[in-house]
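Notes follow the structure.
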Amino acid sequence: MGSSMRIPANVELDAGTKTFASGLLPDLIAALRGGRKGDLVAVISGDPGIGPDLEAWCRFTRNTLIDMAVEEGRTRWVFRYGEAAEDVGENRPVGSRLWLYTNFDCNLSCDYCCVRSSPKARRRALGLERVRRIAIEATQLGVSEIFVTGGEPFMLPDIGEILAACAAAAPTTVLTNGMLFAGSRLETLRSLPRERVAFQISLDSPTPERHDRHRGKGTWARAWNGIQRVRAEGFRVRLAAAVSTDAEAREFQSFLDVHDVSEENRVIRRIALRGTATEGIALARADLVPEETITAEGVFWHPVGAEDSDLLVSRDIFPLAQSFADVRRAFDRESEHQRRLARIFNCA
Ligand code: SF4
């Protein structure tokens, strides 16, 4: 255990000078009472001696200790309250999905963006040449789906070629906010192979209020127009919502029912506590079934933390077979216990 990045937690508990023998236990119980199963709880103390007790307590109570790090002379332990929150029961083989972050800059600056994209974010372009090589090597590794995300991929002048290269290797989905389809970008869209390229467009709520609060005024209406436009061009469109509660998820499901959106064209997921998000589910590496993710900066474990050092697998993209092998080996090394906890967190 021990990571170079501070794992975000839902609850931070400063133990002060307390130990298990002197009042830490009631504080822990109080912290859990205010939380939800699946939350990550951090305990910070200047006394490293509480570690063994905390470990034993976690084992006894079926909580899972997932990280320990020393910061400024104090120790910070992170454990998960109860078992992982959801078990979606999907069985997708590791290595079947490949994610590409093409640029990181974006026309929007949503308040929970997991990779801190915005108009001010520096463009870190993967570039057409690297994408072409990745696509060729990916076919040899048995990748069956490619996902292309930005920031906003349609900010790139050569996104048409990038998507064509990916689509030649495997069925490809491009994640977009759907707002830029005019002029030459509309021409680019029209040039894409409809049987190989699908769109995933973000829409967070049935009405503009919540979506616009997170993503900016007027964005719901523009996303909705984008969805209609891409559909009218004959592409498959998947609608993706980031929600905070079960009630919001249900509300969005009903909206999709009304609009006749089929199950396979729906992605509804919780906001993750990564990037610029200040609330959401905290996800540690051990929680995530890996989905290899490539950015200009290297290879990552999962798209939900594509610039976070705790999810970095390698700075070297090539040969792709090497980073795929690294991810598989790391995943296999995990104990049965951890593997049981790892869940598929669907970004698509
Ligand atoms: S969530 Fe998507 S649309 Fe919003 S800033 Fe991030 S990349 Fe851009």
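Labels for the structure tokens follow display order: chains A, B, ..., residues from 1 in each chain, ligands from 1.
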Using only C-alpha atoms and all ligand atoms, which residues of the polymer chains come no farther than 8 Å from ligand 1? I'd like the answer as a ChimeraX atom specification. /A:104-118,149-152,176-177,202,215
Excluding range 123-134 of chain A and any residue of its chain fewer than 3 positions from it, enumerate the residues within 8 Å of it, using only C-alpha atoms, and give them as a CSV table (one decimal) with all heavy atoms, in the first residue's frame.
chain,number,residue,atom,x,y,z
A,101,TYR,N,-7.5,9.7,-24.7
A,101,TYR,CA,-7.8,11.1,-24.4
A,101,TYR,C,-7.0,11.9,-25.5
A,101,TYR,O,-5.8,12.0,-25.4
A,101,TYR,CB,-7.3,11.5,-23.0
A,101,TYR,CG,-8.3,11.3,-21.9
A,101,TYR,CD1,-8.5,10.1,-21.4
A,101,TYR,CD2,-9.1,12.4,-21.4
A,101,TYR,CE1,-9.5,9.9,-20.3
A,101,TYR,CE2,-10.0,12.2,-20.4
A,101,TYR,CZ,-10.2,11.0,-19.9
A,101,TYR,OH,-11.1,10.8,-18.9
A,102,THR,N,-7.8,12.6,-26.4
A,102,THR,CA,-7.1,13.2,-27.5
A,102,THR,C,-6.5,14.5,-27.3
A,102,THR,O,-5.5,14.9,-27.9
A,102,THR,CB,-8.0,13.3,-28.7
A,102,THR,OG1,-9.2,13.9,-28.3
A,102,THR,CG2,-8.3,11.9,-29.3
A,103,ASN,N,-7.0,15.3,-26.3
A,103,ASN,CA,-6.5,16.7,-26.2
A,103,ASN,C,-6.5,17.4,-24.8
A,103,ASN,O,-5.7,18.2,-24.5
A,103,ASN,CB,-7.2,17.6,-27.2
A,103,ASN,CG,-8.7,17.5,-27.2
A,103,ASN,OD1,-9.3,16.4,-27.2
A,103,ASN,ND2,-9.3,18.6,-27.1
A,104,PHE,N,-7.5,17.2,-24.0
A,104,PHE,CA,-7.7,17.8,-22.7
A,104,PHE,C,-8.3,19.2,-22.7
A,104,PHE,O,-8.9,19.6,-21.7
A,104,PHE,CB,-6.5,17.8,-21.8
A,104,PHE,CG,-6.1,16.4,-21.3
A,104,PHE,CD1,-5.0,15.7,-21.7
A,104,PHE,CD2,-6.8,15.9,-20.3
A,104,PHE,CE1,-4.7,14.5,-21.2
A,104,PHE,CE2,-6.5,14.6,-19.7
A,104,PHE,CZ,-5.4,14.0,-20.2
A,105,ASP,N,-8.2,20.0,-23.7
A,105,ASP,CA,-8.8,21.3,-23.7
A,105,ASP,C,-10.3,21.1,-24.1
A,105,ASP,O,-10.7,20.1,-24.8
A,105,ASP,CB,-8.1,22.3,-24.6
A,105,ASP,CG,-7.9,21.8,-26.0
A,105,ASP,OD1,-7.6,20.6,-26.2
A,105,ASP,OD2,-8.0,22.6,-27.0
A,137,GLU,N,-1.7,-1.3,-33.4
A,137,GLU,CA,-1.3,-2.3,-32.3
A,137,GLU,C,-2.5,-2.8,-31.5
A,137,GLU,O,-2.5,-4.0,-31.1
A,137,GLU,CB,-0.2,-1.6,-31.4
A,137,GLU,CG,1.1,-1.3,-32.1
A,137,GLU,CD,2.2,-0.8,-31.3
A,137,GLU,OE1,2.1,-1.0,-30.0
A,137,GLU,OE2,3.1,-0.2,-31.8
A,138,ALA,N,-3.5,-2.0,-31.4
A,138,ALA,CA,-4.7,-2.4,-30.6
A,138,ALA,C,-5.4,-3.6,-31.3
A,138,ALA,O,-5.9,-4.5,-30.6
A,138,ALA,CB,-5.6,-1.2,-30.5
A,158,ASP,N,-8.0,17.8,-36.7
A,158,ASP,CA,-7.8,16.5,-37.4
A,158,ASP,C,-8.6,15.4,-36.7
A,158,ASP,O,-8.3,14.2,-36.9
A,158,ASP,CB,-6.4,16.1,-37.5
A,158,ASP,CG,-5.6,16.1,-36.2
A,158,ASP,OD1,-6.3,16.4,-35.2
A,158,ASP,OD2,-4.4,15.8,-36.2
A,161,GLU,N,-9.7,12.5,-39.0
A,161,GLU,CA,-8.7,11.5,-39.3
A,161,GLU,C,-8.5,10.6,-38.1
A,161,GLU,O,-8.3,9.4,-38.3
A,161,GLU,CB,-7.4,12.1,-39.8
A,161,GLU,CG,-7.4,12.6,-41.2
A,161,GLU,CD,-7.4,14.2,-41.2
A,161,GLU,OE1,-8.2,14.8,-40.5
A,161,GLU,OE2,-6.5,14.7,-41.9
A,162,ILE,N,-8.5,11.2,-37.0
A,162,ILE,CA,-8.2,10.4,-35.7
A,162,ILE,C,-9.3,9.3,-35.6
A,162,ILE,O,-9.1,8.2,-35.3
A,162,ILE,CB,-8.2,11.3,-34.5
A,162,ILE,CG1,-6.8,12.1,-34.5
A,162,ILE,CG2,-8.4,10.5,-33.2
A,162,ILE,CD1,-6.7,13.1,-33.4
A,165,ALA,N,-9.1,6.5,-38.2
A,165,ALA,CA,-8.0,5.6,-37.8
A,165,ALA,C,-8.5,4.6,-36.8
A,165,ALA,O,-8.3,3.4,-36.9
A,165,ALA,CB,-6.8,6.3,-37.4
A,166,CYS,N,-9.2,5.1,-35.8
A,166,CYS,CA,-9.7,4.2,-34.7
A,166,CYS,C,-10.8,3.3,-35.2
A,166,CYS,O,-10.8,2.1,-35.0
A,166,CYS,CB,-10.3,5.1,-33.6
A,166,CYS,SG,-9.1,6.1,-32.7
A,295,THR,N,-3.2,8.7,-22.8
A,295,THR,CA,-3.2,10.2,-23.0
A,295,THR,C,-1.8,10.6,-23.5
A,295,THR,O,-0.9,9.7,-23.6
A,295,THR,CB,-3.4,10.9,-21.6
A,295,THR,OG1,-2.2,11.0,-20.9
A,295,THR,CG2,-4.5,10.3,-20.8
A,296,ALA,N,-1.6,11.9,-23.8
A,296,ALA,CA,-0.3,12.3,-24.3
A,296,ALA,C,0.7,12.1,-23.2
A,296,ALA,O,1.9,12.1,-23.5
A,296,ALA,CB,-0.4,13.8,-24.6
A,297,GLU,N,0.3,11.9,-22.0
A,297,GLU,CA,1.3,11.7,-20.9
A,297,GLU,C,1.5,10.3,-20.5
A,297,GLU,O,2.4,10.0,-19.6
A,297,GLU,CB,0.8,12.5,-19.7
A,297,GLU,CG,1.2,14.0,-19.7
A,297,GLU,CD,0.1,14.9,-19.4
A,297,GLU,OE1,-0.9,14.5,-18.8
A,297,GLU,OE2,0.3,16.1,-19.7
A,320,LEU,N,2.4,-1.0,-27.2
A,320,LEU,CA,1.2,-1.1,-26.5
A,320,LEU,C,1.0,-2.5,-25.8
A,320,LEU,O,0.5,-2.5,-24.7
A,320,LEU,CB,0.0,-1.0,-27.5
A,320,LEU,CG,-1.3,-0.4,-27.1
A,320,LEU,CD1,-1.1,1.0,-26.4
A,320,LEU,CD2,-2.2,-0.3,-28.2
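Each of A:Tyr81, A:Trp220, A:Phe235, A:Trp57 was checked against Pro193 in chain A using only C-alpha atoms; the smallest atom-to-atom distance is that of A:Phe235.
Within range 219-294 of chain A, DSSP run on the backbone puts these residues in alpha helix (DSSP H): Thr219, Trp220, Ala221, Arg222, Ala223, Trp224, Asn225, Gly226, Ile227, Gln228, Arg229, Val230, Arg231, Ala232, Asp246, Ala247, Glu248, Ala249, Arg250, Glu251, Phe252, Gln253, Ser254, Phe255, Leu256, Asp257 and Val258 of chain A.
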Which one of A:Ala232, A:Ile227, A:Ser262, A:His211 sits closest to Glu248 in chain A if you count only C-alpha atoms? A:His211
Close residues, Ala198 in chain A itself excluded, 10 Å, only C-alpha atoms, min 6 positions apart in chain, as an mmCIF file with all heavy atoms, in the first residue's frame:
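So around.cif came out as:
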data_model
loop_
_atom_site.group_PDB
_atom_site.id
_atom_site.type_symbol
_atom_site.label_atom_id
_atom_site.label_comp_id
_atom_site.auth_asym_id
_atom_site.auth_seq_id
_atom_site.Cartn_x
_atom_site.Cartn_y
_atom_site.Cartn_z
ATOM 1 N N PHE A 147 -12.806 4.011 -27.295
ATOM 2 C CA PHE A 147 -13.525 5.212 -26.859
ATOM 3 C C PHE A 147 -12.586 6.398 -26.973
ATOM 4 O O PHE A 147 -11.459 6.338 -26.491
ATOM 5 C CB PHE A 147 -14.014 5.051 -25.418
ATOM 6 C CG PHE A 147 -15.026 3.961 -25.283
ATOM 7 C CD1 PHE A 147 -14.636 2.652 -25.058
ATOM 8 C CD2 PHE A 147 -16.374 4.240 -25.436
ATOM 9 C CE1 PHE A 147 -15.575 1.630 -24.979
ATOM 10 C CE2 PHE A 147 -17.325 3.233 -25.357
ATOM 11 C CZ PHE A 147 -16.929 1.921 -25.128
ATOM 12 N N ALA A 167 -11.691 3.874 -36.046
ATOM 13 C CA ALA A 167 -12.806 3.075 -36.565
ATOM 14 C C ALA A 167 -12.315 1.951 -37.476
ATOM 15 O O ALA A 167 -12.948 0.903 -37.571
ATOM 16 C CB ALA A 167 -13.789 3.982 -37.309
ATOM 17 N N PRO A 171 -14.879 -0.891 -33.546
ATOM 18 C CA PRO A 171 -16.011 0.035 -33.396
ATOM 19 C C PRO A 171 -15.641 1.120 -32.381
ATOM 20 O O PRO A 171 -15.081 0.826 -31.335
ATOM 21 C CB PRO A 171 -17.130 -0.857 -32.860
ATOM 22 C CG PRO A 171 -16.772 -2.229 -33.326
ATOM 23 C CD PRO A 171 -15.271 -2.282 -33.348
ATOM 24 N N THR A 172 -15.918 2.357 -32.740
ATOM 25 C CA THR A 172 -15.412 3.491 -31.968
ATOM 26 C C THR A 172 -16.559 4.379 -31.497
ATOM 27 O O THR A 172 -17.491 4.654 -32.250
ATOM 28 C CB THR A 172 -14.439 4.305 -32.852
ATOM 29 O OG1 THR A 172 -13.318 3.476 -33.161
ATOM 30 C CG2 THR A 172 -13.941 5.559 -32.152
ATOM 31 N N THR A 173 -16.458 4.810 -30.256
ATOM 32 C CA THR A 173 -17.421 5.772 -29.705
ATOM 33 C C THR A 173 -16.674 7.039 -29.362
ATOM 34 O O THR A 173 -15.628 6.982 -28.714
ATOM 35 C CB THR A 173 -18.089 5.214 -28.440
ATOM 36 O OG1 THR A 173 -18.789 4.009 -28.778
ATOM 37 C CG2 THR A 173 -19.072 6.205 -27.852
ATOM 38 N N VAL A 174 -17.202 8.168 -29.800
ATOM 39 C CA VAL A 174 -16.578 9.436 -29.431
ATOM 40 C C VAL A 174 -17.460 10.135 -28.405
ATOM 41 O O VAL A 174 -18.675 10.244 -28.572
ATOM 42 C CB VAL A 174 -16.274 10.314 -30.677
ATOM 43 C CG1 VAL A 174 -17.504 10.554 -31.524
ATOM 44 C CG2 VAL A 174 -15.641 11.639 -30.268
ATOM 45 N N LEU A 175 -16.838 10.558 -27.301
ATOM 46 C CA LEU A 175 -17.555 11.251 -26.228
ATOM 47 C C LEU A 175 -17.438 12.749 -26.474
ATOM 48 O O LEU A 175 -16.333 13.273 -26.634
ATOM 49 C CB LEU A 175 -16.947 10.915 -24.857
ATOM 50 C CG LEU A 175 -17.359 9.575 -24.234
ATOM 51 C CD1 LEU A 175 -16.827 8.389 -25.013
ATOM 52 C CD2 LEU A 175 -16.919 9.501 -22.780
ATOM 53 N N LEU A 192 -17.785 10.720 -41.328
ATOM 54 C CA LEU A 192 -17.438 9.544 -40.518
ATOM 55 C C LEU A 192 -18.289 8.329 -40.904
ATOM 56 O O LEU A 192 -19.456 8.483 -41.276
ATOM 57 C CB LEU A 192 -17.641 9.865 -39.032
ATOM 58 C CG LEU A 192 -16.731 10.972 -38.490
ATOM 59 C CD1 LEU A 192 -17.178 11.408 -37.098
ATOM 60 C CD2 LEU A 192 -15.274 10.502 -38.460
ATOM 61 N N VAL A 230 -26.930 14.979 -34.581
ATOM 62 C CA VAL A 230 -26.123 13.783 -34.841
ATOM 63 C C VAL A 230 -27.026 12.609 -35.199
ATOM 64 O O VAL A 230 -26.730 11.829 -36.106
ATOM 65 C CB VAL A 230 -25.225 13.456 -33.621
ATOM 66 C CG1 VAL A 230 -24.412 12.195 -33.872
ATOM 67 C CG2 VAL A 230 -24.295 14.623 -33.315
ATOM 68 N N ARG A 231 -28.153 12.518 -34.515
ATOM 69 C CA ARG A 231 -29.132 11.476 -34.856
ATOM 70 C C ARG A 231 -29.623 11.650 -36.283
ATOM 71 O O ARG A 231 -29.722 10.682 -37.044
ATOM 72 C CB ARG A 231 -30.337 11.577 -33.917
ATOM 73 C CG ARG A 231 -30.173 10.811 -32.667
ATOM 74 C CD ARG A 231 -31.581 10.491 -32.145
ATOM 75 N NE ARG A 231 -31.505 10.007 -30.789
ATOM 76 C CZ ARG A 231 -32.155 10.537 -29.769
ATOM 77 N NH1 ARG A 231 -32.947 11.574 -29.943
ATOM 78 N NH2 ARG A 231 -32.045 10.013 -28.574
ATOM 79 N N GLY A 234 -27.773 10.208 -38.966
ATOM 80 C CA GLY A 234 -27.797 8.756 -39.091
ATOM 81 C C GLY A 234 -26.837 8.009 -38.183
ATOM 82 O O GLY A 234 -26.570 6.822 -38.403
ATOM 83 N N PHE A 235 -26.330 8.681 -37.143
ATOM 84 C CA PHE A 235 -25.416 8.004 -36.218
ATOM 85 C C PHE A 235 -26.160 7.474 -35.005
ATOM 86 O O PHE A 235 -27.183 8.024 -34.593
ATOM 87 C CB PHE A 235 -24.339 8.983 -35.723
ATOM 88 C CG PHE A 235 -23.347 9.356 -36.776
ATOM 89 C CD1 PHE A 235 -23.537 10.496 -37.556
ATOM 90 C CD2 PHE A 235 -22.223 8.570 -37.007
ATOM 91 C CE1 PHE A 235 -22.633 10.842 -38.539
ATOM 92 C CE2 PHE A 235 -21.308 8.917 -37.987
ATOM 93 C CZ PHE A 235 -21.508 10.051 -38.760
ATOM 94 N N ARG A 236 -25.584 6.422 -34.440
ATOM 95 C CA ARG A 236 -26.069 5.964 -33.145
ATOM 96 C C ARG A 236 -25.634 6.972 -32.085
ATOM 97 O O ARG A 236 -24.472 7.382 -32.056
ATOM 98 C CB ARG A 236 -25.461 4.595 -32.829
ATOM 99 C CG ARG A 236 -25.785 4.124 -31.444
ATOM 100 C CD ARG A 236 -25.162 2.775 -31.147
ATOM 101 N NE ARG A 236 -25.292 2.500 -29.733
ATOM 102 C CZ ARG A 236 -24.629 1.550 -29.089
ATOM 103 N NH1 ARG A 236 -23.805 0.769 -29.749
ATOM 104 N NH2 ARG A 236 -24.799 1.368 -27.800
ATOM 105 N N VAL A 237 -26.560 7.377 -31.218
ATOM 106 C CA VAL A 237 -26.230 8.331 -30.157
ATOM 107 C C VAL A 237 -26.584 7.712 -28.812
ATOM 108 O O VAL A 237 -27.708 7.260 -28.589
ATOM 109 C CB VAL A 237 -26.987 9.665 -30.319
ATOM 110 C CG1 VAL A 237 -26.662 10.606 -29.158
ATOM 111 C CG2 VAL A 237 -26.632 10.323 -31.639
ATOM 112 N N ARG A 238 -25.599 7.692 -27.930
ATOM 113 C CA ARG A 238 -25.808 7.232 -26.568
ATOM 114 C C ARG A 238 -25.875 8.485 -25.693
ATOM 115 O O ARG A 238 -25.076 9.403 -25.870
ATOM 116 C CB ARG A 238 -24.601 6.388 -26.170
ATOM 117 C CG ARG A 238 -24.891 5.350 -25.150
ATOM 118 C CD ARG A 238 -23.631 4.603 -24.792
ATOM 119 N NE ARG A 238 -23.227 3.635 -25.784
ATOM 120 C CZ ARG A 238 -21.951 3.278 -25.976
ATOM 121 N NH1 ARG A 238 -20.982 3.854 -25.298
ATOM 122 N NH2 ARG A 238 -21.649 2.365 -26.857
ATOM 123 N N ASN A 265 -28.384 2.482 -25.224
ATOM 124 C CA ASN A 265 -27.969 3.855 -25.529
ATOM 125 C C ASN A 265 -28.071 4.772 -24.316
ATOM 126 O O ASN A 265 -28.225 5.988 -24.444
ATOM 127 C CB ASN A 265 -28.792 4.411 -26.685
ATOM 128 C CG ASN A 265 -28.359 3.791 -28.007
ATOM 129 O OD1 ASN A 265 -27.203 3.376 -28.158
ATOM 130 N ND2 ASN A 265 -29.272 3.702 -28.955
#
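Nearest to Ala321 in chain A of all the residues A:Gly216, A:Gly73, A:Gly142, A:Gly16 is A:Gly142, based on only C-alpha atoms.
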Residues near Val299 in chain A, anyone? I mean within 9 Å using only C-alpha atoms, not counting same-chain ones fewer than 2 positions away, as a list of chain:residue names. A:Glu292, A:Thr293, A:Ile294, A:Thr295, A:Ala296, A:Glu297, A:Trp301, A:Ala306, A:Leu311, A:Leu312, A:Val313, A:Ser314, A:Arg315, A:Asp316, A:Ile317, A:Ser323
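Of the listed residues (A:Gln228, A:Pro290, A:Arg76, A:Ile159), A:Pro290 comes nearest to Arg329 in chain A; the distances count only C-alpha atoms.
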Show which residues sit within 9 Å of Ile44 in chain A, as a ChimeraX atom specification. Count only C-alpha atoms, and ignore same-chain residues fewer than 3 positions away. /A:12-16,47,74-78
Write out the residues from the selection above, keeping N, CA and C atoms, as an mmCIF file, in the first residue's frame.
data_model
loop_
_atom_site.group_PDB
_atom_site.id
_atom_site.type_symbol
_atom_site.label_atom_id
_atom_site.label_comp_id
_atom_site.auth_asym_id
_atom_site.auth_seq_id
_atom_site.Cartn_x
_atom_site.Cartn_y
_atom_site.Cartn_z
ATOM 1 N N GLU A 12 -13.019 12.889 6.161
ATOM 2 C CA GLU A 12 -11.662 13.029 6.713
ATOM 3 C C GLU A 12 -11.799 13.094 8.230
ATOM 4 N N LEU A 13 -11.161 12.171 8.911
ATOM 5 C CA LEU A 13 -11.267 12.150 10.365
ATOM 6 C C LEU A 13 -9.882 12.384 10.968
ATOM 7 N N ASP A 14 -9.719 13.521 11.624
ATOM 8 C CA ASP A 14 -8.447 13.800 12.294
ATOM 9 C C ASP A 14 -8.510 13.191 13.682
ATOM 10 N N ALA A 15 -7.656 12.189 13.929
ATOM 11 C CA ALA A 15 -7.714 11.475 15.207
ATOM 12 C C ALA A 15 -7.104 12.292 16.346
ATOM 13 N N GLY A 16 -6.415 13.368 16.008
ATOM 14 C CA GLY A 16 -5.769 14.159 17.062
ATOM 15 C C GLY A 16 -4.810 13.266 17.835
ATOM 16 N N ASP A 47 0.243 9.476 15.317
ATOM 17 C CA ASP A 47 0.704 8.260 15.988
ATOM 18 C C ASP A 47 0.584 7.057 15.046
ATOM 19 N N ARG A 74 2.650 12.914 9.497
ATOM 20 C CA ARG A 74 1.464 12.244 10.046
ATOM 21 C C ARG A 74 1.045 11.134 9.078
ATOM 22 N N THR A 75 0.370 10.145 9.607
ATOM 23 C CA THR A 75 -0.043 9.037 8.747
ATOM 24 C C THR A 75 -1.517 9.196 8.384
ATOM 25 N N ARG A 76 -1.809 8.920 7.117
ATOM 26 C CA ARG A 76 -3.200 8.991 6.669
ATOM 27 C C ARG A 76 -3.581 7.616 6.127
ATOM 28 N N TRP A 77 -4.554 6.986 6.787
ATOM 29 C CA TRP A 77 -5.059 5.698 6.327
ATOM 30 C C TRP A 77 -6.382 5.948 5.607
ATOM 31 N N VAL A 78 -6.632 5.195 4.573
ATOM 32 C CA VAL A 78 -7.930 5.311 3.895
ATOM 33 C C VAL A 78 -8.571 3.934 3.881
#
Do you know which residues are at most 12 Å from Ala240 in chain A counting only C-alpha atoms, after dropping those on the same chain fewer than 6 positions away, and could you put them as a VMD selection string? chain A and resid 174 to 178 199 to 206 211 223 to 224 227 249 252 to 253 256 261 263 to 271 346 to 348
Suppose we keep C-alpha atoms; can you now write the selection as a short mmCIF file (atom, residue, chain, number, x, y, z; two decimals), in the first residue's frame?
data_model
loop_
_atom_site.label_atom_id
_atom_site.label_comp_id
_atom_site.auth_asym_id
_atom_site.auth_seq_id
_atom_site.Cartn_x
_atom_site.Cartn_y
_atom_site.Cartn_z
CA VAL A 174 -16.58 9.44 -29.43
CA LEU A 175 -17.55 11.25 -26.23
CA THR A 176 -18.58 14.84 -26.84
CA ASN A 177 -20.65 17.62 -25.36
CA GLY A 178 -22.35 17.89 -28.74
CA PHE A 199 -21.55 9.22 -30.32
CA GLN A 200 -21.88 9.54 -26.59
CA ILE A 201 -23.29 12.93 -25.70
CA SER A 202 -23.58 14.26 -22.15
CA LEU A 203 -26.97 15.28 -20.85
CA ASP A 204 -27.28 15.28 -17.08
CA SER A 205 -30.93 16.01 -16.42
CA PRO A 206 -34.35 15.98 -18.09
CA HIS A 211 -27.26 20.31 -16.25
CA ALA A 223 -26.48 19.61 -26.07
CA TRP A 224 -30.07 18.62 -26.89
CA ILE A 227 -28.13 15.11 -30.02
CA ALA A 249 -30.88 8.55 -11.90
CA PHE A 252 -33.37 10.59 -15.97
CA GLN A 253 -34.40 7.00 -16.77
CA LEU A 256 -35.22 8.48 -21.57
CA VAL A 261 -33.99 5.78 -25.87
CA GLU A 263 -31.18 0.57 -22.76
CA GLU A 264 -27.95 0.15 -24.73
CA ASN A 265 -27.97 3.86 -25.53
CA ARG A 266 -28.06 4.95 -21.89
CA VAL A 267 -25.09 5.56 -19.61
CA ILE A 268 -26.06 6.82 -16.18
CA ARG A 269 -23.28 7.05 -13.65
CA ARG A 270 -22.38 8.78 -10.43
CA ILE A 271 -20.18 11.83 -10.35
CA ASN A 346 -18.94 2.71 -16.50
CA CYS A 347 -17.80 5.85 -18.24
CA ALA A 348 -19.44 4.55 -21.40
#
Which residues, written as a PyMOL selection string, have at least one atom at most 8 Å from Pro208 in chain A, with only C-alpha atoms counted and residues fewer than 5 positions away on the same chain left out? chain A and resi 218-221
Expected file: the selected residues, N, CA and C atoms, as a PDB file, in the first residue's frame:
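Saved file again15.pdb follows:
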ATOM      1  N   GLY A 218     -27.275  27.650 -20.565  1.00  0.00           N
ATOM      2  CA  GLY A 218     -27.615  27.418 -21.975  1.00  0.00           C
ATOM      3  C   GLY A 218     -27.034  26.134 -22.546  1.00  0.00           C
ATOM      4  N   THR A 219     -26.275  25.382 -21.743  1.00  0.00           N
ATOM      5  CA  THR A 219     -25.598  24.202 -22.308  1.00  0.00           C
ATOM      6  C   THR A 219     -26.561  23.033 -22.544  1.00  0.00           C
ATOM      7  N   TRP A 220     -27.608  22.916 -21.715  1.00  0.00           N
ATOM      8  CA  TRP A 220     -28.550  21.813 -21.904  1.00  0.00           C
ATOM      9  C   TRP A 220     -29.181  21.918 -23.288  1.00  0.00           C
ATOM     10  N   ALA A 221     -29.666  23.109 -23.608  1.00  0.00           N
ATOM     11  CA  ALA A 221     -30.362  23.302 -24.893  1.00  0.00           C
ATOM     12  C   ALA A 221     -29.412  23.020 -26.060  1.00  0.00           C
TER      13      ALA A 221
END
Rounded to one decimal, what separation in Å do you get between CA of Pro52 in chain A and CA of Asp308 in chain A? 28.6 Å
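Counting only C-alpha atoms, the residue from A:Gly38, A:Gly82, A:Gly46, A:Pro157 that sits nearest to Phe60 in chain A is A:Gly82.
Between Ser191 in chain A and the residues A:Ala164, A:Thr61, A:Val43, A:Arg210, the shortest atom-to-atom distance, using only C-alpha atoms, involves A:Ala164.
Across the structure, CA of Leu283 in chain A and CA of Gly305 in chain A are spaced 9.1 Å apart.
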